[in-house]
file query.tsv (TSV, C-alpha atoms)
chain	number	residue	atom	x	y	z
W	1	MET	CA	-47.21	42.32	4.41
W	2	ARG	CA	-47.65	38.55	4.53
W	3	SER	CA	-46.14	38.40	1.04
W	4	ALA	CA	-43.11	40.30	2.28
W	5	TYR	CA	-42.71	37.90	5.23
W	6	ARG	CA	-42.98	34.92	2.88
W	7	THR	CA	-40.34	36.40	0.60
W	8	LEU	CA	-38.05	37.03	3.57
W	9	ALA	CA	-38.57	33.50	4.90
W	10	VAL	CA	-37.79	31.94	1.51
W	11	ALA	CA	-34.65	34.06	1.18
W	12	ALA	CA	-33.52	33.09	4.70
W	13	GLY	CA	-34.13	29.42	3.98
W	14	THR	CA	-32.16	29.63	0.75
W	15	LEU	CA	-29.27	31.35	2.53
W	16	MET	CA	-29.23	28.71	5.28
W	17	ALA	CA	-29.27	25.88	2.73
W	18	SER	CA	-26.45	27.48	0.76
W	19	SER	CA	-24.43	27.92	3.95
W	20	ALA	CA	-24.98	24.28	4.91
W	21	TYR	CA	-23.91	23.04	1.49
W	22	ALA	CA	-20.84	25.29	1.62
W	23	GLN	CA	-19.74	23.54	4.82
W	24	SER	CA	-19.87	20.01	3.39
W	25	ASN	CA	-18.69	18.35	0.20
W	26	VAL	CA	-18.61	15.00	-1.55
W	27	GLN	CA	-16.09	14.28	-4.30
W	28	LEU	CA	-16.06	11.58	-6.98
W	29	TYR	CA	-12.52	10.61	-7.99
W	30	GLY	CA	-10.63	7.78	-9.62
W	31	LEU	CA	-7.57	6.36	-11.31
W	32	MET	CA	-7.12	4.06	-14.30
W	33	ASP	CA	-3.93	2.10	-14.98
W	34	LEU	CA	-3.57	-0.23	-17.96
W	35	SER	CA	-0.34	-2.14	-18.66
W	36	PHE	CA	0.16	-3.43	-22.23
W	37	PRO	CA	1.88	-5.25	-23.70
W	38	SER	CA	3.19	-7.15	-20.66
W	39	TYR	CA	5.80	-9.91	-20.69
W	40	LYS	CA	6.54	-12.50	-17.99
W	41	SER	CA	9.02	-15.38	-18.15
W	42	HIS	CA	8.40	-18.76	-16.45
W	43	ALA	CA	4.68	-18.05	-16.45
W	44	ASP	CA	3.52	-21.66	-16.23
W	45	ALA	CA	4.65	-25.11	-15.09
W	46	ASN	CA	6.24	-25.77	-18.50
W	47	GLY	CA	8.47	-22.69	-18.26
W	48	LYS	CA	6.68	-20.81	-21.04
W	49	ARG	CA	6.53	-17.04	-21.24
W	50	MET	CA	3.35	-14.96	-21.25
W	51	VAL	CA	2.57	-11.86	-23.31
W	52	GLY	CA	-0.71	-10.10	-22.62
W	53	MET	CA	-2.50	-7.14	-21.07
W	54	GLY	CA	-1.32	-6.71	-17.48
W	55	PHE	CA	-0.12	-9.47	-15.16
W	56	ASP	CA	-3.07	-11.80	-14.56
W	57	GLY	CA	-5.14	-8.76	-15.52
W	58	GLU	CA	-3.41	-6.50	-12.99
W	59	PRO	CA	-1.65	-3.26	-13.98
W	60	TRP	CA	1.95	-2.73	-12.98
W	61	PHE	CA	1.75	0.33	-10.75
W	62	SER	CA	-1.68	1.19	-9.38
W	63	GLY	CA	-4.90	-0.69	-8.91
W	64	SER	CA	-7.56	1.06	-10.99
W	65	ARG	CA	-10.21	2.48	-8.71
W	66	TRP	CA	-13.10	4.88	-8.29
W	67	GLY	CA	-14.27	6.35	-5.04
W	68	LEU	CA	-16.26	8.85	-3.05
W	69	LYS	CA	-14.79	10.98	-0.29
W	70	GLY	CA	-16.42	13.69	1.72
W	71	ALA	CA	-16.16	16.05	4.63
W	72	GLU	CA	-18.61	18.03	6.75
W	73	ASP	CA	-17.63	20.96	8.95
W	74	LEU	CA	-18.91	20.25	12.47
W	75	GLY	CA	-17.62	23.53	13.86
W	76	GLY	CA	-14.76	24.28	16.21
W	77	GLY	CA	-12.20	23.12	13.66
W	78	THR	CA	-13.60	19.56	13.57
W	79	LYS	CA	-14.66	17.76	10.39
W	80	LEU	CA	-16.56	14.55	9.80
W	81	ILE	CA	-14.80	12.64	7.01
W	82	PHE	CA	-15.47	9.45	5.05
W	83	ARG	CA	-14.20	7.43	2.10
W	84	LEU	CA	-15.61	4.63	-0.05
W	85	GLU	CA	-13.25	3.20	-2.68
W	86	SER	CA	-13.63	0.30	-5.09
W	87	GLU	CA	-11.01	-1.37	-7.30
W	88	PHE	CA	-11.64	-2.74	-10.79
W	89	VAL	CA	-9.66	-4.25	-13.68
W	90	VAL	CA	-9.52	-2.11	-16.83
W	91	ALA	CA	-8.52	-5.06	-19.03
W	92	ASN	CA	-11.83	-6.88	-18.52
W	93	GLY	CA	-14.07	-4.53	-16.52
W	94	GLU	CA	-14.41	-6.93	-13.58
W	95	MET	CA	-14.34	-6.10	-9.88
W	96	GLU	CA	-10.92	-6.70	-8.36
W	97	ASP	CA	-12.49	-8.63	-5.46
W	98	PRO	CA	-15.86	-10.10	-6.50
W	99	GLY	CA	-18.47	-9.74	-3.80
W	100	GLN	CA	-16.70	-6.83	-2.08
W	101	ILE	CA	-17.71	-3.62	-3.79
W	102	PHE	CA	-15.59	-1.32	-1.59
W	103	ASP	CA	-12.44	-3.44	-1.47
W	104	ARG	CA	-9.99	-0.58	-0.93
W	105	ASP	CA	-11.70	1.69	1.60
W	106	ALA	CA	-14.92	1.91	3.60
W	107	TRP	CA	-14.41	4.12	6.63
W	108	VAL	CA	-15.75	7.12	8.52
W	109	GLY	CA	-13.98	9.39	10.99
W	110	VAL	CA	-13.31	12.80	12.45
W	111	GLU	CA	-10.38	15.16	11.95
W	112	ASN	CA	-9.17	18.12	13.98
W	113	ASP	CA	-5.91	20.09	14.04
W	114	THR	CA	-5.61	19.52	17.78
W	115	PHE	CA	-6.25	15.78	18.18
W	116	GLY	CA	-5.45	14.64	14.63
W	117	LYS	CA	-7.34	12.19	12.44
W	118	PHE	CA	-9.32	9.23	13.77
W	119	THR	CA	-11.00	6.75	11.39
W	120	ALA	CA	-12.93	3.48	11.79
W	121	GLY	CA	-13.70	0.77	9.24
W	122	PHE	CA	-11.91	-0.92	6.35
W	123	GLN	CA	-8.69	1.00	5.62
W	124	ASN	CA	-4.92	0.87	5.14
W	125	SER	CA	-2.84	-0.41	8.01
W	126	ILE	CA	-0.95	2.50	9.58
W	127	ALA	CA	2.34	0.57	9.25
W	128	ARG	CA	1.81	0.37	5.48
W	129	ASP	CA	1.35	4.14	5.29
W	130	ALA	CA	4.34	4.87	7.55
W	131	ALA	CA	6.66	2.67	5.47
W	132	ALA	CA	5.52	4.09	2.12
W	133	ILE	CA	8.11	6.90	2.27
W	134	TYR	CA	10.92	4.34	1.96
W	135	GLY	CA	9.22	1.20	0.60
W	136	ASP	CA	9.69	2.22	-3.03
W	137	PRO	CA	10.37	5.46	-4.95
W	138	TYR	CA	6.84	6.03	-6.30
W	139	GLY	CA	4.95	7.54	-3.36
W	140	SER	CA	5.19	10.71	-1.33
W	141	ALA	CA	8.54	11.58	0.22
W	142	LYS	CA	6.84	13.07	3.28
W	143	LEU	CA	4.64	11.54	5.94
W	144	THR	CA	1.01	12.67	5.86
W	145	THR	CA	-2.27	11.66	7.49
W	146	GLU	CA	-3.59	10.53	4.09
W	147	GLU	CA	-3.46	6.91	2.97
W	148	GLY	CA	-0.50	6.01	0.80
W	149	GLY	CA	0.26	3.20	-1.58
W	150	TRP	CA	3.02	1.00	-2.89
W	151	THR	CA	3.24	-0.34	-6.42
W	152	ASN	CA	0.63	-2.87	-7.39
W	153	SER	CA	1.46	-6.05	-9.31
W	154	ASN	CA	5.10	-6.94	-9.69
W	155	ASN	CA	7.88	-8.96	-8.09
W	156	PHE	CA	8.85	-6.33	-5.52
W	157	LYS	CA	5.39	-5.76	-4.05
W	158	GLN	CA	5.66	-8.57	-1.49
W	159	MET	CA	7.73	-6.53	0.97
W	160	ILE	CA	4.57	-4.55	1.80
W	161	PHE	CA	3.19	-7.53	3.75
W	162	TYR	CA	5.68	-6.90	6.58
W	163	ALA	CA	3.55	-3.79	7.20
W	164	GLY	CA	0.28	-5.71	6.91
W	165	SER	CA	-2.38	-7.00	9.27
W	166	ALA	CA	-4.17	-10.30	9.89
W	167	THR	CA	-6.33	-9.47	6.84
W	168	GLY	CA	-3.64	-8.30	4.41
W	169	THR	CA	-2.30	-4.78	4.01
W	170	ARG	CA	-5.64	-3.29	5.09
W	171	TYR	CA	-7.50	-3.62	8.37
W	172	ASN	CA	-10.86	-5.31	8.61
W	173	ASN	CA	-12.78	-3.82	11.55
W	174	GLY	CA	-9.96	-1.34	12.02
W	175	LEU	CA	-9.31	1.80	14.03
W	176	ALA	CA	-6.57	4.26	13.05
W	177	TRP	CA	-5.26	7.47	14.57
W	178	LYS	CA	-2.74	9.76	12.86
W	179	LYS	CA	-1.35	13.17	13.69
W	180	LEU	CA	1.24	15.38	12.03
W	181	PHE	CA	2.54	17.93	14.53
W	182	SER	CA	3.66	21.44	13.56
W	183	ASN	CA	7.30	20.60	14.36
W	184	GLY	CA	7.37	17.80	11.78
W	185	ILE	CA	6.80	14.90	14.18
W	186	PHE	CA	4.36	12.26	12.89
W	187	ALA	CA	2.65	9.72	15.16
W	188	SER	CA	0.05	7.05	14.48
W	189	ALA	CA	-1.51	3.95	16.00
W	190	GLY	CA	-3.92	1.32	14.77
W	191	TYR	CA	-5.93	-1.64	16.01
W	192	ALA	CA	-8.05	-4.21	14.17
W	193	PHE	CA	-10.65	-6.25	16.05
W	194	SER	CA	-10.98	-9.96	15.43
W	195	ASN	CA	-14.80	-9.71	15.69
W	196	SER	CA	-14.91	-13.11	17.37
W	197	THR	CA	-15.37	-14.52	20.86
W	198	GLN	CA	-11.60	-15.08	20.90
W	199	PHE	CA	-10.62	-11.45	21.37
W	200	ALA	CA	-6.97	-11.69	20.29
W	201	ALA	CA	-7.25	-14.21	17.44
W	202	GLY	CA	-7.18	-12.42	14.09
W	203	SER	CA	-6.43	-9.03	15.66
W	204	THR	CA	-3.66	-6.55	14.84
W	205	TYR	CA	-2.11	-3.65	16.70
W	206	GLN	CA	0.50	-1.25	15.33
W	207	ALA	CA	2.31	1.97	16.21
W	208	ALA	CA	4.41	4.26	14.03
W	209	LEU	CA	6.57	7.32	14.58
W	210	GLY	CA	8.31	9.56	12.09
W	211	TYR	CA	9.71	12.98	11.28
W	212	ASN	CA	9.45	15.27	8.25
W	213	GLY	CA	12.73	17.17	8.20
W	214	GLY	CA	12.60	18.95	4.84
W	215	PRO	CA	14.99	17.14	2.50
W	216	PHE	CA	15.33	14.31	5.05
W	217	ASN	CA	12.35	12.24	6.26
W	218	VAL	CA	12.37	9.16	8.49
W	219	SER	CA	9.82	6.77	9.99
W	220	GLY	CA	9.52	3.41	11.69
W	221	PHE	CA	6.82	1.08	13.00
W	222	TYR	CA	6.09	-1.84	15.29
W	223	ASN	CA	3.54	-4.41	14.12
W	224	HIS	CA	1.92	-7.26	16.08
W	225	VAL	CA	-0.42	-9.62	14.23
W	226	ASN	CA	-2.38	-12.54	15.67
W	227	ASN	CA	-3.30	-14.84	12.81
W	228	ALA	CA	-5.10	-18.16	13.46
W	229	GLY	CA	-3.37	-18.54	16.81
W	230	PHE	CA	0.07	-17.56	15.52
W	231	ALA	CA	1.74	-14.36	16.74
W	232	ASN	CA	3.81	-12.32	14.26
W	233	GLN	CA	5.92	-9.24	14.92
W	234	THR	CA	7.72	-6.77	12.63
W	235	PHE	CA	10.10	-3.93	13.45
W	236	SER	CA	11.00	-1.52	10.65
W	237	ILE	CA	12.83	1.76	10.10
W	238	GLY	CA	13.71	3.75	7.01
W	239	GLY	CA	13.66	7.11	5.31
W	240	ASN	CA	14.63	9.19	2.32
W	241	TYR	CA	16.80	12.14	1.37
W	242	THR	CA	16.39	14.50	-1.59
W	243	PHE	CA	19.46	16.00	-3.27
W	244	GLY	CA	18.07	18.49	-5.76
W	245	ILE	CA	16.50	16.38	-8.54
W	246	LEU	CA	17.53	13.06	-6.95
W	247	ARG	CA	15.66	11.28	-4.14
W	248	VAL	CA	17.16	8.20	-2.45
W	249	ASN	CA	15.23	5.82	-0.17
W	250	GLY	CA	16.22	2.99	2.13
W	251	GLY	CA	14.60	0.82	4.78
W	252	TYR	CA	14.99	-2.31	6.90
W	253	PHE	CA	12.40	-4.85	8.15
W	254	HIS	CA	12.89	-7.51	10.85
W	255	TYR	CA	10.12	-10.10	11.09
W	256	LEU	CA	9.45	-12.83	13.66
W	257	GLY	CA	6.75	-15.31	12.67
W	258	ASP	CA	5.34	-17.94	15.01
W	259	GLN	CA	5.09	-21.38	13.38
W	260	GLY	CA	3.98	-23.46	16.36
W	261	SER	CA	6.07	-26.60	16.89
W	262	LEU	CA	8.30	-25.62	13.93
W	263	GLY	CA	9.68	-22.64	15.84
W	264	LYS	CA	9.94	-19.00	14.87
W	265	ARG	CA	10.62	-17.77	11.37
W	266	HIS	CA	13.19	-14.95	11.22
W	267	ASP	CA	13.22	-12.54	8.26
W	268	ASN	CA	15.65	-9.73	7.54
W	269	ALA	CA	14.64	-7.61	4.57
W	270	TRP	CA	15.93	-4.35	3.18
W	271	THR	CA	15.29	-2.05	0.27
W	272	VAL	CA	17.11	0.79	-1.50
W	273	SER	CA	15.80	2.88	-4.38
W	274	ALA	CA	16.18	6.19	-6.15
W	275	LYS	CA	14.10	8.57	-8.24
W	276	LEU	CA	15.64	11.07	-10.66
W	277	ALA	CA	13.23	13.88	-11.64
W	278	PRO	CA	14.94	16.48	-13.85
W	279	LYS	CA	13.04	19.40	-15.38
W	280	GLY	CA	10.85	18.27	-18.22
W	281	ALA	CA	8.40	15.45	-18.87
W	282	PHE	CA	10.55	12.45	-17.85
W	283	ASP	CA	11.46	10.88	-14.52
W	284	TYR	CA	13.44	7.70	-13.81
W	285	GLU	CA	13.37	5.12	-11.00
W	286	LEU	CA	15.72	2.32	-9.96
W	287	GLY	CA	15.46	0.00	-6.96
W	288	TYR	CA	16.72	-3.18	-5.33
W	289	GLN	CA	15.33	-5.25	-2.49
W	290	GLN	CA	16.26	-8.43	-0.67
W	291	MET	CA	14.07	-10.61	1.56
W	292	ARG	CA	15.94	-13.21	3.62
W	293	VAL	CA	14.15	-15.98	5.54
W	294	HIS	CA	15.56	-18.30	8.21
W	295	ASN	CA	13.75	-21.31	9.65
W	296	ALA	CA	10.71	-20.68	7.41
W	297	ALA	CA	8.04	-23.33	6.80
W	298	TYR	CA	6.26	-23.74	3.49
W	299	ASN	CA	2.52	-23.23	3.15
W	300	ALA	CA	0.12	-25.79	1.67
W	301	ASP	CA	1.21	-24.77	-1.86
W	302	GLY	CA	4.85	-25.57	-1.09
W	303	ASN	CA	6.05	-21.95	-1.07
W	304	ILE	CA	7.29	-19.35	1.41
W	305	PRO	CA	4.13	-17.47	2.49
W	306	ASN	CA	4.01	-13.69	2.70
W	307	ALA	CA	4.64	-12.23	6.14
W	308	ASN	CA	1.70	-12.08	8.58
W	309	LEU	CA	-0.45	-14.34	6.38
W	310	ALA	CA	1.23	-17.62	7.29
W	311	THR	CA	-1.29	-20.35	8.25
W	312	GLY	CA	-1.51	-24.05	7.53
W	313	PHE	CA	2.22	-24.85	7.68
W	314	VAL	CA	3.31	-28.14	6.11
W	315	SER	CA	5.53	-29.70	8.78
W	316	SER	CA	6.56	-32.64	6.54
W	317	THR	CA	8.71	-30.31	4.40
W	318	GLY	CA	10.67	-29.06	7.40
W	319	VAL	CA	11.94	-25.48	7.58
W	320	HIS	CA	14.01	-23.60	5.04
W	321	ASN	CA	16.58	-20.84	4.62
W	322	GLY	CA	16.98	-18.67	1.55
W	323	TYR	CA	16.41	-15.26	0.06
W	324	LYS	CA	14.70	-13.46	-2.77
W	325	GLU	CA	16.26	-10.47	-4.51
W	326	THR	CA	14.62	-8.18	-7.03
W	327	LEU	CA	16.03	-5.42	-9.22
W	328	TYR	CA	13.49	-3.06	-10.82
W	329	THR	CA	13.44	0.07	-12.96
W	330	SER	CA	11.01	2.40	-14.74
W	331	VAL	CA	10.71	5.50	-16.91
W	332	PHE	CA	7.72	7.86	-16.89
W	333	TYR	CA	6.70	10.36	-19.55
W	334	HIS	CA	4.17	12.83	-18.18
W	335	LEU	CA	1.65	13.99	-20.76
W	336	SER	CA	0.01	16.24	-18.16
W	337	LYS	CA	-0.33	16.53	-14.38
W	338	ARG	CA	-2.87	13.68	-14.44
W	339	THR	CA	-1.76	11.39	-17.27
W	340	GLU	CA	1.50	9.57	-17.98
W	341	LEU	CA	3.02	6.82	-20.07
W	342	TYR	CA	5.53	4.39	-18.60
W	343	LEU	CA	8.03	1.62	-19.30
W	344	ALA	CA	8.93	-0.71	-16.43
W	345	GLY	CA	10.60	-4.01	-15.65
W	346	ASP	CA	12.02	-6.20	-12.90
W	347	TYR	CA	14.30	-9.21	-12.50
W	348	MET	CA	13.72	-11.55	-9.54
W	349	ARG	CA	16.06	-14.31	-8.44
W	350	LEU	CA	15.42	-16.94	-5.74
W	351	HIS	CA	18.16	-18.52	-3.63
W	352	GLY	CA	18.26	-21.57	-1.38
W	353	GLY	CA	14.89	-22.72	-0.08
W	354	TYR	CA	13.01	-19.53	-1.03
W	355	THR	CA	10.22	-20.42	-3.47
W	356	VAL	CA	7.20	-18.45	-4.73
W	357	GLY	CA	4.23	-19.79	-6.65
W	358	SER	CA	4.44	-17.29	-9.53
W	359	THR	CA	7.65	-18.86	-10.93
W	360	PHE	CA	6.30	-22.46	-11.01
W	361	GLY	CA	9.54	-23.84	-9.62
W	362	ALA	CA	11.93	-21.67	-11.64
W	363	LYS	CA	14.67	-19.79	-9.80
W	364	ASN	CA	14.28	-16.51	-11.67
W	365	GLN	CA	11.70	-14.42	-13.47
W	366	VAL	CA	11.65	-11.35	-15.73
W	367	GLU	CA	8.70	-8.96	-16.02
W	368	LEU	CA	8.49	-6.15	-18.60
W	369	THR	CA	5.67	-3.80	-19.50
W	370	SER	CA	4.58	-0.46	-20.89
W	371	GLY	CA	1.40	1.30	-19.92
W	372	ILE	CA	-0.72	4.38	-19.35
W	373	ARG	CA	-2.08	5.82	-16.10
W	374	THR	CA	-4.59	8.65	-15.70
W	375	ARG	CA	-6.52	10.22	-12.82
W	376	PHE	CA	-9.85	12.00	-12.61

call {"tool": "encode", "arguments": {"input": "query.tsv", "output": "structure tokens"}}
result
Amino acid sequence: MRSAYRTLAVAAGTLMASSAYAQSNVQLYGLMDLSFPSYKSHADANGKRMVGMGFDGEPWFSGSRWGLKGAEDLGGGTKLIFRLESEFVVANGEMEDPGQIFDRDAWVGVENDTFGKFTAGFQNSIARDAAAIYGDPYGSAKLTTEEGGWTNSNNFKQMIFYAGSATGTRYNNGLAWKKLFSNGIFASAGYAFSNSTQFAAGSTYQAALGYNGGPFNVSGFYNHVNNAGFANQTFSIGGNYTFGILRVNGGYFHYLGDQGSLGKRHDNAWTVSAKLAPKGAFDYELGYQQMRVHNAAYNADGNIPNANLATGFVSSTGVHNGYKETLYTSVFYHLSKRTELYLAGDYMRLHGGYTVGSTFGAKNQVELTSGIRTRF
């Protein structure tokens, strides 16, 4: 009899353990992107070109990464969720950001169909995710509660900083809420603490609103960043429309950057792009963007700083007007659902007082590459 009870107890324990494991999961995932050969003109102060593997080691499209994500069913339709994600460089095996093992994501949260998704920790700014549907042609056409991404290392990436925070395009010490309603409405809000005795300094708050309308999707955001005592604001709106095998995207960004005694910097930036995806293994992308600055001060390196990261203005150089324009294109050949080959390139031209450090004083730059990207 005791033996029968023991057998029953073991069976019950096994069933309970199996049930518990069935309600939670942890997934290992990753992506590897390697660009080679890569060509860049005006790659040093002598105007020489560079041919190598990636651009300063960076791939063209996606930062290579590995990560862990998980979920546990808490009952009542609520899940505990988390993500840890680390970026590395395939070309040399190094960490992307030495000393920060999880330099892409380190957050925990809860998710429920009723109240949406709430996460806390190191994560994408919600403005970055909201603008991804029109920032370039490579991401999702629809708004979701998942984190999105723009392309990685090229001359049209810099527009993403309008959607950034005091700590780049990700929040340090950040809170984010996102919800996709059944009628297609998308809403989100985010806040990043400064973690200092000066509550506002180094903080960020953002709000975004959008709509998934089938072939037509639209979103916009408001961004307020306090960086080293300087207040920065961005207003943006954009969207996309899909005509059969063709998707077109467009968006506008208006930025106001505080520069102390030098007055406010005013930026007007816009982007248009398209993706053609016929049946078969190939798809094609083409895009153009323009970033115009007015009354902009240089940073300590003598260049126009990216939006929301402007500190240490050099008043002796005065303020400047100008614009940067970039034309880019790419072709993908999909070997499978997870692996693809690509060819890509861009041409950047600087006008007026707009300067960037990567051209070493030159007014234009060409980047060309081929590469391979795979996911696991």

call {"tool": "atom_distance", "arguments": {"input": "query.tsv", "atom1": "atom CA of W:Thr369", "atom2": "atom CA of W:Ser140"}}
result
23.3 Å

call {"tool": "residues_around", "arguments": {"input": "query.tsv", "residues": "W:Lys178", "least_positions_apart": "6", "cutoff": "6 Å", "atoms": "all atoms listed in the file", "output": "list in words"}}
result
Gly116, Lys117, Thr145, Ala187 and Ser188 of chain W

call {"tool": "residues_near_point", "arguments": {"input": "query.tsv", "point": "(9.9, 5.6, -6.5)", "cutoff": "9 Å", "atoms": "all atoms listed in the file", "output": "list in words"}}
result
Tyr134, Gly135, Asp136, Pro137, Tyr138, Gly139, Ser140, Thr151, Arg247, Val248, Asn249, Ser273, Ala274, Lys275, Leu276, Tyr284, Glu285, Leu286, Gly287 and Ser330 of chain W

call {"tool": "residues_near_point", "arguments": {"input": "query.tsv", "point": "(15.6, 12.1, 0.1)", "cutoff": "10 Å", "atoms": "all atoms listed in the file", "output": "number ranges by chain"}}
result
W: 133-134, 137, 141-142, 213-218, 239-250, 274-275

call {"tool": "residues_around", "arguments": {"input": "query.tsv", "residues": "W:Leu368", "least_positions_apart": "3", "cutoff": "9 Å", "atoms": "only C-alpha atoms", "output": "PyMOL selection string"}}
result
chain W and resi 37-40+343-347

call {"tool": "atom_distance", "arguments": {"input": "query.tsv", "atom1": "atom CA of W:Phe181", "atom2": "atom CA of W:Thr119"}}
result
17.8 Å

call {"tool": "closest_residue", "arguments": {"input": "query.tsv", "among": "W:Ser62, W:Gln158, W:Asn183, W:Asn232", "to": "W:Gln289", "atoms": "only C-alpha atoms"}}
result
W:Gln158

call {"tool": "atom_distance", "arguments": {"input": "query.tsv", "atom1": "atom CA of W:Arg349", "atom2": "atom CA of W:Pro59"}}
result
21.6 Å

call {"tool": "closest_residue", "arguments": {"input": "query.tsv", "among": "W:Val356, W:Leu68, W:Met32, W:Met50", "to": "W:Phe88", "atoms": "only C-alpha atoms"}}
result
W:Met32

call {"tool": "residues_around", "arguments": {"input": "query.tsv", "residues": "W:Leu175", "least_positions_apart": "4", "cutoff": "7 Å", "atoms": "all atoms listed in the file", "output": "list in words"}}
result
Thr119, Ala120, Gly121, Gly190, Tyr191 and Ala192 of chain W

call {"tool": "residues_around", "arguments": {"input": "query.tsv", "residues": "W:Glu325", "least_positions_apart": "4", "cutoff": "9 Å", "atoms": "only C-alpha atoms", "output": "list in words"}}
result
Phe156, Tyr288, Gln289, Gln290, Met291, Arg292, Tyr347, Met348, Arg349, Leu350 and His351 of chain W
